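Novice: Quick one, structure_1.json (JSON, C-alpha atoms):
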[["chain", "number", "residue", "atom", "x", "y", "z"],
["A", 15, "MET", "CA", 0.00, 0.00, 0.00],
["A", 16, "THR", "CA", 2.84, 2.39, 0.84],
["A", 17, "ALA", "CA", 4.48, 1.69, -2.51],
["A", 18, "ALA", "CA", 1.19, 2.22, -4.35],
["A", 19, "LEU", "CA", 0.62, 5.59, -2.71],
["A", 20, "LEU", "CA", 4.15, 7.00, -2.48],
["A", 21, "GLY", "CA", 6.16, 5.03, -5.02],
["A", 22, "PRO", "CA", 8.48, 2.01, -4.81],
["A", 23, "ALA", "CA", 11.30, 4.01, -3.16],
["A", 24, "ALA", "CA", 9.09, 4.61, -0.10],
["A", 25, "ALA", "CA", 8.74, 0.86, 0.52],
["A", 26, "PRO", "CA", 11.91, -0.95, -0.55],
["A", 27, "GLU", "CA", 11.79, -4.73, -0.83],
["A", 28, "PRO", "CA", 13.29, -6.55, 2.18],
["A", 29, "ASP", "CA", 16.66, -8.17, 1.60],
["A", 30, "PRO", "CA", 16.57, -11.97, 1.22],
["A", 31, "ALA", "CA", 17.76, -14.20, 4.04],
["A", 32, "PRO", "CA", 21.58, -14.37, 3.88],
["A", 33, "ALA", "CA", 23.16, -17.69, 3.01],
["A", 34, "HIS", "CA", 25.96, -17.25, 5.55],
["A", 35, "VAL", "CA", 23.68, -17.42, 8.65],
["A", 36, "VAL", "CA", 22.25, -20.87, 9.45],
["A", 37, "ARG", "CA", 20.39, -22.21, 12.47],
["A", 38, "GLY", "CA", 19.45, -25.74, 13.45],
["A", 39, "THR", "CA", 19.95, -28.61, 15.85],
["A", 40, "LEU", "CA", 23.46, -29.99, 16.20],
["A", 41, "THR", "CA", 23.66, -33.60, 15.00],
["A", 42, "ASP", "CA", 27.42, -34.23, 15.19],
["A", 43, "ILE", "CA", 30.69, -32.37, 15.49],
["A", 44, "SER", "CA", 34.35, -33.23, 14.92],
["A", 45, "PRO", "CA", 37.50, -31.09, 14.80],
["A", 46, "HIS", "CA", 36.86, -30.44, 11.10],
["A", 47, "MET", "CA", 33.13, -30.86, 10.42],
["A", 48, "LEU", "CA", 29.79, -29.89, 11.95],
["A", 49, "GLY", "CA", 26.36, -31.31, 11.10],
["A", 50, "LEU", "CA", 23.06, -29.48, 11.55],
["A", 51, "ALA", "CA", 19.44, -30.57, 11.21],
["A", 52, "THR", "CA", 17.64, -27.53, 9.77],
["A", 53, "PRO", "CA", 14.04, -26.98, 8.63],
["A", 54, "GLY", "CA", 15.36, -27.47, 5.08],
["A", 55, "GLY", "CA", 17.15, -30.75, 5.82],
["A", 56, "GLU", "CA", 20.49, -31.94, 7.16],
["A", 57, "ARG", "CA", 23.54, -29.84, 6.27],
["A", 58, "ARG", "CA", 27.30, -30.11, 6.91],
["A", 59, "PHE", "CA", 29.81, -27.33, 7.44],
["A", 60, "ILE", "CA", 33.59, -26.99, 7.57],
["A", 61, "LEU", "CA", 35.38, -25.98, 10.78],
["A", 62, "THR", "CA", 38.83, -24.37, 10.65],
["A", 63, "PRO", "CA", 41.39, -23.40, 13.31],
["A", 64, "GLN", "CA", 39.94, -19.88, 13.08],
["A", 65, "THR", "CA", 36.37, -20.99, 13.94],
["A", 66, "THR", "CA", 35.28, -19.79, 17.39],
["A", 67, "PHE", "CA", 32.57, -21.21, 19.67],
["A", 68, "TRP", "CA", 30.29, -19.73, 22.36],
["A", 69, "HIS", "CA", 28.15, -21.51, 24.93],
["A", 70, "GLY", "CA", 27.75, -19.14, 27.85],
["A", 71, "GLY", "CA", 31.32, -18.04, 27.15],
["A", 72, "ASP", "CA", 34.10, -18.92, 24.73],
["A", 73, "ARG", "CA", 34.36, -22.69, 24.33],
["A", 74, "ALA", "CA", 36.09, -25.37, 22.25],
["A", 75, "ALA", "CA", 34.40, -27.58, 19.66],
["A", 76, "ARG", "CA", 34.63, -30.56, 22.02],
["A", 77, "ASP", "CA", 32.39, -28.76, 24.54],
["A", 78, "LEU", "CA", 29.37, -28.85, 22.21],
["A", 79, "ARG", "CA", 26.91, -31.76, 22.26],
["A", 80, "PRO", "CA", 24.39, -33.17, 19.75],
["A", 81, "GLY", "CA", 20.88, -31.85, 20.35],
["A", 82, "GLN", "CA", 21.93, -28.29, 21.09],
["A", 83, "ASP", "CA", 20.32, -25.33, 19.33],
["A", 84, "VAL", "CA", 23.13, -23.91, 17.18],
["A", 85, "LEU", "CA", 23.47, -20.70, 15.18],
["A", 86, "LEU", "CA", 26.31, -20.38, 12.67],
["A", 87, "ARG", "CA", 27.81, -17.39, 10.93],
["A", 88, "CYS", "CA", 29.85, -18.55, 7.96],
["A", 89, "VAL", "CA", 32.48, -16.67, 6.01],
["A", 90, "PRO", "CA", 30.69, -14.47, 3.43],
["A", 91, "GLY", "CA", 31.39, -15.88, 0.00],
["A", 92, "ALA", "CA", 32.34, -19.26, 1.51],
["A", 93, "GLU", "CA", 29.01, -20.35, 2.97],
["A", 94, "LEU", "CA", 30.23, -23.78, 4.09],
["A", 95, "VAL", "CA", 33.16, -22.45, 6.15],
["A", 96, "VAL", "CA", 32.13, -21.51, 9.69],
["A", 97, "GLU", "CA", 33.40, -18.30, 11.27],
["A", 98, "ARG", "CA", 31.60, -18.48, 14.66],
["A", 99, "VAL", "CA", 29.21, -20.85, 16.42],
["A", 100, "TRP", "CA", 26.71, -19.98, 19.17],
["A", 101, "ALA", "CA", 25.07, -22.84, 21.08],
["A", 102, "ASP", "CA", 21.81, -22.56, 23.07],
["A", 103, "LEU", "CA", 21.93, -18.75, 22.89],
["A", 104, "ALA", "CA", 19.04, -17.05, 24.74],
["A", 105, "ARG", "CA", 17.98, -13.69, 26.11],
["A", 106, "ALA", "CA", 15.43, -12.28, 28.56],
["A", 107, "ALA", "CA", 14.63, -8.56, 28.34],
["A", 108, "GLY", "CA", 11.66, -6.84, 29.92],
["A", 109, "VAL", "CA", 10.01, -6.10, 33.25],
["A", 110, "ILE", "CA", 10.40, -8.39, 36.27],
["A", 111, "THR", "CA", 6.96, -9.58, 37.41],
["A", 112, "ALA", "CA", 7.97, -12.08, 40.12],
["A", 113, "ALA", "CA", 11.14, -12.95, 42.01],
["A", 114, "ASP", "CA", 12.11, -15.83, 44.26],
["A", 115, "GLY", "CA", 15.78, -15.53, 45.17],
["A", 116, "ASP", "CA", 17.71, -15.78, 41.92],
["A", 117, "THR", "CA", 14.73, -17.08, 39.92],
["A", 118, "LEU", "CA", 12.71, -14.44, 38.09],
["A", 119, "GLU", "CA", 9.69, -14.14, 35.84],
["A", 120, "VAL", "CA", 10.20, -11.52, 33.14],
["A", 121, "ALA", "CA", 7.43, -10.02, 30.99],
["A", 122, "THR", "CA", 8.92, -9.54, 27.54],
["A", 123, "GLY", "CA", 5.99, -7.73, 25.89],
["A", 124, "HIS", "CA", 2.26, -8.15, 25.39],
["A", 125, "ASP", "CA", 2.70, -10.32, 22.29],
["A", 126, "ARG", "CA", 5.31, -12.70, 23.77],
["A", 127, "ALA", "CA", 5.20, -15.33, 26.48],
["A", 128, "PRO", "CA", 6.80, -14.49, 29.84],
["A", 129, "VAL", "CA", 10.24, -15.99, 30.43],
["A", 130, "THR", "CA", 11.53, -17.81, 33.50],
["A", 131, "VAL", "CA", 15.08, -16.71, 34.31],
["A", 132, "ALA", "CA", 17.53, -18.55, 36.56],
["A", 133, "ILE", "CA", 20.71, -16.75, 37.64],
["A", 134, "PRO", "CA", 23.40, -19.27, 38.58],
["A", 135, "TYR", "CA", 25.61, -18.52, 41.55],
["A", 136, "ARG", "CA", 28.74, -18.01, 39.43],
["A", 137, "ALA", "CA", 27.00, -15.22, 37.49],
["A", 138, "SER", "CA", 25.11, -13.64, 40.38],
["A", 139, "GLY", "CA", 27.86, -11.21, 41.43],
["A", 140, "ARG", "CA", 28.27, -9.81, 37.92],
["A", 141, "MET", "CA", 24.50, -9.63, 37.49],
["A", 142, "ARG", "CA", 23.98, -7.78, 40.78],
["A", 143, "VAL", "CA", 26.53, -5.13, 39.84],
["A", 144, "ARG", "CA", 24.45, -4.02, 36.84],
["A", 145, "HIS", "CA", 21.03, -5.22, 38.10],
["A", 146, "PRO", "CA", 21.03, -4.43, 41.83],
["A", 147, "ARG", "CA", 17.23, -4.62, 42.20],
["A", 148, "LEU", "CA", 15.98, -8.06, 41.18],
["A", 149, "GLU", "CA", 12.45, -7.19, 42.24],
["A", 150, "PRO", "CA", 9.05, -6.97, 40.53],
["A", 151, "GLY", "CA", 8.60, -3.77, 38.55],
["A", 152, "TYR", "CA", 12.26, -3.27, 37.63],
["A", 153, "LEU", "CA", 13.79, -3.76, 34.21],
["A", 154, "PHE", "CA", 15.96, -6.75, 33.45],
["A", 155, "ASP", "CA", 18.06, -7.65, 30.42],
["A", 156, "ALA", "CA", 20.58, -10.48, 30.23],
["A", 157, "VAL", "CA", 22.06, -12.90, 27.72],
["A", 158, "GLY", "CA", 22.59, -16.55, 28.57],
["A", 159, "VAL", "CA", 21.78, -20.06, 27.43],
["A", 160, "ARG", "CA", 18.56, -21.98, 26.94],
["A", 161, "ASP", "CA", 17.69, -24.39, 29.74],
["A", 162, "GLY", "CA", 14.50, -26.09, 28.54],
["A", 163, "ASP", "CA", 11.87, -23.35, 28.37],
["A", 164, "ALA", "CA", 13.87, -21.13, 30.75],
["A", 165, "VAL", "CA", 16.89, -18.88, 30.32],
["A", 166, "ARG", "CA", 20.03, -19.31, 32.41],
["A", 167, "ALA", "CA", 21.20, -15.67, 32.60],
["A", 168, "LEU", "CA", 24.98, -15.26, 32.51],
["A", 169, "VAL", "CA", 25.84, -11.82, 31.09],
["A", 170, "PRO", "CA", 23.98, -8.57, 31.89],
["A", 171, "ALA", "CA", 23.14, -6.83, 28.61],
["A", 172, "THR", "CA", 22.58, -3.37, 30.10],
["A", 173, "THR", "CA", 22.63, -1.42, 33.35],
["A", 174, "GLN", "CA", 19.31, -1.42, 35.19],
["A", 175, "PRO", "CA", 17.69, 1.99, 35.82],
["A", 176, "PRO", "CA", 17.52, 2.83, 39.54],
["A", 177, "TYR", "CA", 13.71, 3.11, 39.56],
["A", 178, "PRO", "CA", 10.81, 0.76, 38.73],
["A", 179, "VAL", "CA", 9.06, 1.11, 35.39],
["A", 180, "VAL", "CA", 6.01, 2.84, 36.90],
["A", 181, "GLU", "CA", 8.28, 5.59, 38.27],
["A", 182, "THR", "CA", 10.12, 6.24, 35.00],
["A", 183, "PRO", "CA", 10.62, 10.01, 34.66],
["A", 184, "ARG", "CA", 8.25, 11.50, 32.13],
["A", 185, "ARG", "CA", 9.83, 11.57, 28.72],
["A", 186, "PRO", "CA", 9.15, 14.79, 26.80],
["A", 187, "PRO", "CA", 7.25, 14.54, 23.51],
["A", 188, "THR", "CA", 9.59, 13.60, 20.67],
["A", 189, "ASN", "CA", 9.83, 15.28, 17.30],
["A", 190, "ARG", "CA", 8.83, 12.53, 14.90],
["A", 191, "GLY", "CA", 9.57, 14.56, 11.78],
["A", 192, "SER", "CA", 12.80, 12.72, 11.00],
["A", 193, "MET", "CA", 12.65, 9.30, 9.36],
["A", 194, "ARG", "CA", 16.31, 8.63, 10.24],
["A", 195, "VAL", "CA", 17.28, 7.84, 13.84],
["A", 196, "THR", "CA", 20.47, 6.56, 15.47],
["A", 197, "GLY", "CA", 20.36, 4.59, 18.71],
["A", 198, "THR", "CA", 20.70, 1.13, 20.20],
["A", 199, "ALA", "CA", 19.66, -2.00, 18.32],
["A", 200, "ALA", "CA", 19.12, -5.10, 20.45],
["A", 201, "TRP", "CA", 17.97, -8.60, 19.44],
["A", 202, "TYR", "CA", 15.31, -11.10, 20.41],
["A", 203, "ASP", "CA", 14.63, -14.73, 19.57],
["A", 204, "PRO", "CA", 11.23, -15.40, 17.94],
["A", 205, "VAL", "CA", 11.50, -19.13, 18.69],
["A", 206, "LEU", "CA", 12.59, -19.10, 22.34],
["A", 207, "GLY", "CA", 11.04, -22.15, 23.98],
["A", 208, "ARG", "CA", 10.10, -23.77, 20.65],
["A", 209, "ASP", "CA", 11.58, -26.58, 18.56],
["A", 210, "VAL", "CA", 14.21, -24.82, 16.44],
["A", 211, "HIS", "CA", 14.62, -27.85, 14.16],
["A", 212, "ALA", "CA", 10.96, -27.65, 13.11],
["A", 213, "ASP", "CA", 10.50, -23.87, 13.15],
["A", 214, "ALA", "CA", 11.76, -21.75, 10.24],
["A", 215, "ARG", "CA", 11.23, -18.60, 12.33],
["A", 216, "GLY", "CA", 14.65, -19.27, 13.78],
["A", 217, "THR", "CA", 16.11, -17.78, 10.59],
["A", 218, "LEU", "CA", 13.52, -15.02, 10.23],
["A", 219, "MET", "CA", 14.96, -11.71, 9.05],
["A", 220, "GLY", "CA", 13.07, -8.78, 10.53],
["A", 221, "VAL", "CA", 12.71, -6.30, 13.38],
["A", 222, "ALA", "CA", 10.39, -5.85, 16.34],
["A", 223, "TYR", "CA", 9.66, -2.13, 16.41],
["A", 224, "PRO", "CA", 9.06, -0.19, 19.66],
["A", 225, "ALA", "CA", 6.87, 2.54, 18.12],
["A", 226, "LEU", "CA", 3.99, 0.78, 16.38],
["A", 227, "ASP", "CA", 0.94, 2.96, 15.83],
["A", 228, "ARG", "CA", -1.46, 2.38, 18.74],
["A", 229, "THR", "CA", -4.47, 2.86, 16.45],
["A", 230, "GLY", "CA", -3.37, -0.05, 14.29],
["A", 231, "ASP", "CA", -1.05, -2.97, 14.97],
["A", 232, "CYS", "CA", -0.14, -2.16, 18.56],
["A", 233, "GLY", "CA", -3.76, -2.57, 19.61],
["A", 234, "PRO", "CA", -5.60, -1.76, 22.84],
["A", 235, "VAL", "CA", -3.47, -4.03, 25.06],
["A", 236, "CYS", "CA", -0.17, -2.55, 23.87],
["A", 237, "ASP", "CA", 2.23, -2.03, 26.78],
["A", 238, "ARG", "CA", 4.82, 0.07, 24.98],
["A", 239, "ALA", "CA", 6.13, 3.23, 26.58],
["A", 240, "THR", "CA", 7.06, 6.50, 24.89],
["A", 241, "SER", "CA", 10.49, 5.82, 23.45],
["A", 242, "CYS", "CA", 13.29, 8.20, 24.36],
["A", 243, "ALA", "CA", 14.42, 8.06, 20.71],
["A", 244, "PRO", "CA", 12.41, 10.14, 18.20],
["A", 245, "LEU", "CA", 11.03, 7.15, 16.32],
["A", 246, "PRO", "CA", 8.42, 7.59, 13.58],
["A", 247, "LEU", "CA", 5.22, 5.59, 14.04],
["A", 248, "LEU", "CA", 5.14, 2.54, 11.78],
["A", 249, "SER", "CA", 2.95, -0.49, 11.14],
["A", 250, "LEU", "CA", 3.60, -4.19, 10.70],
["A", 251, "GLY", "CA", 4.88, -4.90, 7.20],
["A", 252, "ALA", "CA", 6.68, -1.57, 6.85],
["A", 253, "THR", "CA", 10.30, -1.80, 5.77],
["A", 254, "VAL", "CA", 13.25, -0.07, 7.42],
["A", 255, "ARG", "CA", 16.90, 0.19, 6.51],
["A", 256, "LEU", "CA", 19.21, -0.73, 9.40],
["A", 257, "VAL", "CA", 22.91, 0.13, 9.41],
["A", 258, "ASN", "CA", 25.11, -1.52, 12.04],
["A", 259, "GLU", "CA", 27.41, 1.40, 12.78],
["A", 260, "CYS", "CA", 29.87, -0.88, 14.57],
["A", 261, "ALA", "CA", 30.36, -3.32, 11.66],
["A", 262, "ARG", "CA", 29.38, -0.90, 8.84],
["A", 263, "THR", "CA", 26.89, -3.38, 7.38],
["A", 264, "ALA", "CA", 23.32, -2.68, 6.29],
["A", 265, "ALA", "CA", 20.09, -4.45, 5.34],
["A", 266, "VAL", "CA", 16.48, -3.61, 4.49],
["A", 267, "LEU", "CA", 14.23, -5.48, 6.95],
["A", 268, "PRO", "CA", 10.46, -5.77, 7.46],
["A", 269, "VAL", "CA", 8.74, -4.86, 10.72],
["A", 270, "VAL", "CA", 7.47, -8.27, 11.88],
["A", 271, "ALA", "CA", 6.48, -7.72, 15.52],
["A", 272, "CYS", "CA", 5.89, -5.21, 18.29],
["A", 273, "GLY", "CA", 8.95, -4.28, 20.35],
["A", 274, "ALA", "CA", 7.04, -3.00, 23.37],
["A", 275, "ALA", "CA", 9.63, -4.19, 25.89],
["A", 276, "ALA", "CA", 12.40, -2.30, 24.09],
["A", 277, "SER", "CA", 10.52, 0.99, 24.50],
["A", 278, "HIS", "CA", 11.18, 0.91, 28.27],
["A", 279, "PHE", "CA", 14.96, 0.95, 27.81],
["A", 280, "CYS", "CA", 16.73, 4.28, 27.35],
["A", 281, "ASP", "CA", 20.24, 2.87, 27.42],
["A", 282, "ARG", "CA", 23.34, 3.44, 25.32],
["A", 283, "CYS", "CA", 25.27, 0.69, 23.57],
["A", 284, "THR", "CA", 28.95, 0.83, 24.49],
["A", 285, "VAL", "CA", 30.14, -1.68, 21.87],
["A", 286, "CYS", "CA", 31.42, 1.01, 19.51],
["A", 287, "ASP", "CA", 31.28, 3.95, 21.93],
["A", 288, "SER", "CA", 28.37, 5.92, 20.48],
["A", 289, "PRO", "CA", 26.64, 8.69, 22.48],
["A", 290, "ALA", "CA", 23.24, 7.81, 20.96],
["A", 291, "SER", "CA", 20.73, 6.36, 23.46],
["A", 292, "GLY", "CA", 17.35, 4.71, 23.25],
["A", 293, "ARG", "CA", 16.43, 1.36, 21.70],
["A", 294, "ILE", "CA", 15.30, 1.89, 18.14],
["A", 295, "ALA", "CA", 14.72, -1.75, 17.17],
["A", 296, "GLU", "CA", 14.96, -5.35, 18.28],
["A", 297, "LEU", "CA", 16.34, -7.39, 15.42],
["A", 298, "THR", "CA", 15.52, -11.06, 15.16],
["A", 299, "LEU", "CA", 18.53, -13.10, 16.23],
["A", 300, "ALA", "CA", 19.31, -14.18, 12.66],
["A", 301, "ALA", "CA", 19.14, -10.59, 11.38],
["A", 302, "PHE", "CA", 21.37, -9.31, 14.18],
["A", 303, "VAL", "CA", 24.03, -11.91, 13.41],
["A", 304, "ALA", "CA", 23.73, -11.36, 9.65],
["A", 305, "LEU", "CA", 24.46, -7.65, 10.18],
["A", 306, "GLY", "CA", 27.70, -8.50, 11.96],
["A", 307, "GLY", "CA", 26.41, -8.19, 15.53],
["A", 308, "GLN", "CA", 27.88, -10.19, 18.40],
["A", 309, "PRO", "CA", 24.73, -11.37, 20.24],
["A", 310, "GLU", "CA", 26.59, -12.16, 23.46],
["A", 311, "THR", "CA", 27.23, -8.40, 23.85],
["A", 312, "GLY", "CA", 23.50, -7.71, 23.54],
["A", 313, "CYS", "CA", 23.53, -4.68, 21.27],
["A", 314, "CYS", "CA", 25.07, -2.60, 18.53],
["A", 315, "THR", "CA", 24.76, 1.04, 17.62],
["A", 316, "ALA", "CA", 22.54, 1.37, 14.57],
["A", 317, "THR", "CA", 20.92, 3.92, 12.31],
["A", 318, "LEU", "CA", 17.34, 3.25, 11.23],
["A", 319, "THR", "CA", 15.80, 4.85, 8.17],
["A", 320, "ALA", "CA", 12.07, 4.37, 7.62],
["A", 321, "GLY", "CA", 11.22, 4.39, 3.92],
["A", 322, "GLY", "CA", 13.52, 5.31, 1.10],
["A", 323, "PRO", "CA", 16.34, 3.30, -0.43]]
I'd like the structure from this file rewritten - as C-alpha cells, please.
Specialist:
Amino acid sequence: MTAALLGPAAAPEPDPAPAHVVRGTLTDISPHMLGLATPGGERRFILTPQTTFWHGGDRAARDLRPGQDVLLRCVPGAELVVERVWADLARAAGVITAADGDTLEVATGHDRAPVTVAIPYRASGRMRVRHPRLEPGYLFDAVGVRDGDAVRALVPATTQPPYPVVETPRRPPTNRGSMRVTGTAAWYDPVLGRDVHADARGTLMGVAYPALDRTGDCGPVCDRATSCAPLPLLSLGATVRLVNECARTAAVLPVVACGAAASHFCDRCTVCDSPASGRIAELTLAAFVALGGQPETGCCTATLTAGGP
C-alpha cells in the first residue's frame, strides 16, 4: 500500500535471508566438520582453526553436544566455512513480574510469552553489579543459554535503571519529523522455547519495532512506553533500513512484531562507543548476526531509516 501511494522508493523490498547465517539442531561435530538438522534438511559445514565457539562463554568444539540449538555465521562468500558458532543462545529482556531468590519471571511484551530466568551462583555477582534490584517492577536484560523453556542468565546486557518502570521520569514529547534515527539495536529470539529444528522462524529476518501505531497494529493491550528516541510511528509490514554502525553493514528489513519491551529501555550501547541512546529496534537473532552483531554483547549502535532506499 505504501508503494502504491508513495512510489516504490518509499517501501523498498526486504533483503533476502543471507546464506551465511544458518540455524538448526546440532547432529554431530568433529575437529573439522559440523552437522546441523535444519528446517530445510540436514547440512554439513567446515570448521577451521579460526572458527570460534560460544556456549555461555568462549568454548572449544569438544564442549558442544548433539541436540543443542546452534546458530552459525559462515564466512561471506564461503558459505560452508564456519566463522563463529553460538550454542543454546538465549535472552530475557523486559520487566520483572515475580522474584524468588535468583529465579525471576520476566514479561517480555504483550505479544510474547513471559520468560523464567535462573541466575546461577557463578553469574550472580556480575549480574547484581548491573542489576542491583531483582524485584518486581524493575527492568531486566541479560544474555545466557537456553535451559528447557527457561533462560540461564549469565551476562547482563545493560545497566538497570535505579527506579521501577512505573516511576520512570516522564519523557518529553519527541519530534517525529525525522525518518532517520540513530540509537541502540538489540535482538530477540522469535523461537525461544520452541523446537528450532521444526521452526523456520529461527532464521527469520526482521525487526520488532518499539513505536507501532497504537491505532493499528499495537492494539488496545499494547504495553509500549514512549520511546526516548524520536522514532516515527510505523505499522507491521513496513520496511526499514538498518545500518550496524559498529560493523558498517546494512540491510532492508520488514517490521514483523511489536517491540514493546524495548521501549522501556533508554540505554546506550557501548560496543562502539556511540553517544546515541534509546532502543530503536529489536532485530531477530538471525538478522542481528547477519548484520555483523555479536549477540553475546546484547547490542550494537545502529541507524534506522524508515522508507527510502
Novice: Considering only C-alpha atoms, give me a table of residues in range 71-121 of chain A that are at most 10 Å from range 271-278 of chain A, with the closest atom pair and distance in Å for each, as a Markdown table.
Specialist:
| residue | atom | partner | partner_atom | distance |
| --- | --- | --- | --- | --- |
| A:Ala107 | CA | A:Ala275 | CA | 7.1 |
| A:Gly108 | CA | A:Ala275 | CA | 5.2 |
| A:Val109 | CA | A:Ala275 | CA | 7.6 |
| A:Ala121 | CA | A:Ala275 | CA | 8.1 |
Novice: Place a sphere of radius 12 Å on (22.3, -29.1, 17.8) in the file coordinates and name every protein, DNA or RNA residue with an atom inside or on its surface, counting all atoms listed in the file; give the answer as a short mmCIF file (atom, residue, chain, number, x, y, z; two decimals) with C-alpha atoms, in the coordinates of the input.
Specialist:
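Dumped to result_17.cif:
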data_model
loop_
_atom_site.label_atom_id
_atom_site.label_comp_id
_atom_site.auth_asym_id
_atom_site.auth_seq_id
_atom_site.Cartn_x
_atom_site.Cartn_y
_atom_site.Cartn_z
CA VAL A 36 22.25 -20.87 9.45
CA ARG A 37 20.39 -22.21 12.47
CA GLY A 38 19.45 -25.74 13.45
CA THR A 39 19.95 -28.61 15.85
CA LEU A 40 23.46 -29.99 16.20
CA THR A 41 23.66 -33.60 15.00
CA ASP A 42 27.42 -34.23 15.19
CA ILE A 43 30.69 -32.37 15.49
CA LEU A 48 29.79 -29.89 11.95
CA GLY A 49 26.36 -31.31 11.10
CA LEU A 50 23.06 -29.48 11.55
CA ALA A 51 19.44 -30.57 11.21
CA THR A 52 17.64 -27.53 9.77
CA GLU A 56 20.49 -31.94 7.16
CA ARG A 57 23.54 -29.84 6.27
CA HIS A 69 28.15 -21.51 24.93
CA LEU A 78 29.37 -28.85 22.21
CA ARG A 79 26.91 -31.76 22.26
CA PRO A 80 24.39 -33.17 19.75
CA GLY A 81 20.88 -31.85 20.35
CA GLN A 82 21.93 -28.29 21.09
CA ASP A 83 20.32 -25.33 19.33
CA VAL A 84 23.13 -23.91 17.18
CA LEU A 85 23.47 -20.70 15.18
CA LEU A 86 26.31 -20.38 12.67
CA VAL A 99 29.21 -20.85 16.42
CA TRP A 100 26.71 -19.98 19.17
CA ALA A 101 25.07 -22.84 21.08
CA ASP A 102 21.81 -22.56 23.07
CA LEU A 103 21.93 -18.75 22.89
CA ASP A 209 11.58 -26.58 18.56
CA VAL A 210 14.21 -24.82 16.44
CA HIS A 211 14.62 -27.85 14.16
#
Novice: Of the candidates A:Cys236, A:Ile60, A:Val131, A:Val180, which one gets nearest to Arg98 in chain A if we count only C-alpha atoms?
Specialist: A:Ile60
Novice: To one decimal place, how far is CA of Arg160 in chain A from CA of Arg136 in chain A in Å?
Specialist: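 Taking CA of Arg160 in chain A as the start and CA of Arg136 in chain A as the end point, the length is 16.6 Å.
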Novice: Quick one: distance from CA of Pro309 in chain A to CA of Asp227 in chain A in Å, one decimal?
Specialist: 28.1 Å
Novice: Considering all atoms listed in the file, can you say which of A:Ala290, A:Cys88, A:Val96, A:Leu206 comes closest to Thr122 in chain A?
Specialist: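 Comparing A:Ala290, A:Cys88, A:Val96, A:Leu206 against Thr122 in chain A, the winner is A:Leu206.
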Novice: Using CA of Ala156 in chain A and CA of Asp72 in chain A as the two end points, give the distance in Å to one decimal.
Specialist: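 CA of Ala156 in chain A sits 16.9 Å away from CA of Asp72 in chain A.
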Novice: Which residue is closest to Gly220 in chain A? Choose from A:Leu299, A:Leu153, A:Ala264, A:Ile294 and count only C-alpha atoms.
Specialist: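 Looking only at the distances to Gly220 in chain A, the closest residue turns out to be A:Leu299.
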Novice: Excluding Thr196 in chain A and residues on its chain fewer than 5 positions from it, collect all residues at most 12 Å away from it, counting only C-alpha atoms, and give them as a PDB file with C-alpha atoms, keeping the file's coordinate frame.
Specialist:
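Below is the file around_27.pdb, written as the result:
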ATOM      1  CA  CYS A 242      13.290   8.200  24.360  1.00  0.00           C
ATOM      2  CA  ALA A 243      14.420   8.060  20.710  1.00  0.00           C
ATOM      3  CA  PRO A 244      12.410  10.140  18.200  1.00  0.00           C
ATOM      4  CA  LEU A 245      11.030   7.150  16.320  1.00  0.00           C
ATOM      5  CA  ARG A 255      16.900   0.190   6.510  1.00  0.00           C
ATOM      6  CA  LEU A 256      19.210  -0.730   9.400  1.00  0.00           C
ATOM      7  CA  VAL A 257      22.910   0.130   9.410  1.00  0.00           C
ATOM      8  CA  ASN A 258      25.110  -1.520  12.040  1.00  0.00           C
ATOM      9  CA  GLU A 259      27.410   1.400  12.780  1.00  0.00           C
ATOM     10  CA  ARG A 282      23.340   3.440  25.320  1.00  0.00           C
ATOM     11  CA  CYS A 283      25.270   0.690  23.570  1.00  0.00           C
ATOM     12  CA  SER A 288      28.370   5.920  20.480  1.00  0.00           C
ATOM     13  CA  PRO A 289      26.640   8.690  22.480  1.00  0.00           C
ATOM     14  CA  ALA A 290      23.240   7.810  20.960  1.00  0.00           C
ATOM     15  CA  SER A 291      20.730   6.360  23.460  1.00  0.00           C
ATOM     16  CA  GLY A 292      17.350   4.710  23.250  1.00  0.00           C
ATOM     17  CA  ARG A 293      16.430   1.360  21.700  1.00  0.00           C
ATOM     18  CA  ILE A 294      15.300   1.890  18.140  1.00  0.00           C
ATOM     19  CA  ALA A 295      14.720  -1.750  17.170  1.00  0.00           C
ATOM     20  CA  CYS A 314      25.070  -2.600  18.530  1.00  0.00           C
ATOM     21  CA  THR A 315      24.760   1.040  17.620  1.00  0.00           C
ATOM     22  CA  ALA A 316      22.540   1.370  14.570  1.00  0.00           C
ATOM     23  CA  THR A 317      20.920   3.920  12.310  1.00  0.00           C
ATOM     24  CA  LEU A 318      17.340   3.250  11.230  1.00  0.00           C
ATOM     25  CA  THR A 319      15.800   4.850   8.170  1.00  0.00           C
ATOM     26  CA  ALA A 320      12.070   4.370   7.620  1.00  0.00           C
TER      27      ALA A 320
END
Novice: Could you give me, as a VMD selection string, the residues within 8 Å of range 31-35 of chain A, counting only C-alpha atoms and dropping anything in the same chain fewer than 5 positions from it?
Specialist: chain A and resid 85 to 94 217 to 219 300 303 to 304
Novice: Compare A:Pro175, A:Pro128, A:Pro246, A:Pro45 by their minimum atom-to-atom distance to Met193 in chain A, counting only C-alpha atoms, and give me the closest one.
Specialist: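 Counting only C-alpha atoms, the residue closest to Met193 in chain A is A:Pro246.
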Novice: Leaving out Leu297 in chain A and any residue of its chain fewer than 5 positions from it, which residues lie within 9 Å of it when counting all atoms listed in the file, given as a ChimeraX atom specification?
Specialist: /A:199-203,219-223,267,302
Novice: Given the point (7.8, -10.0, 39.8) in the file's coordinates, find the residues that have an atom at most 7 Å from it, counting only C-alpha atoms, and give them as a ChimeraX atom specification.
Specialist: /A:110-113,118-119,149-151
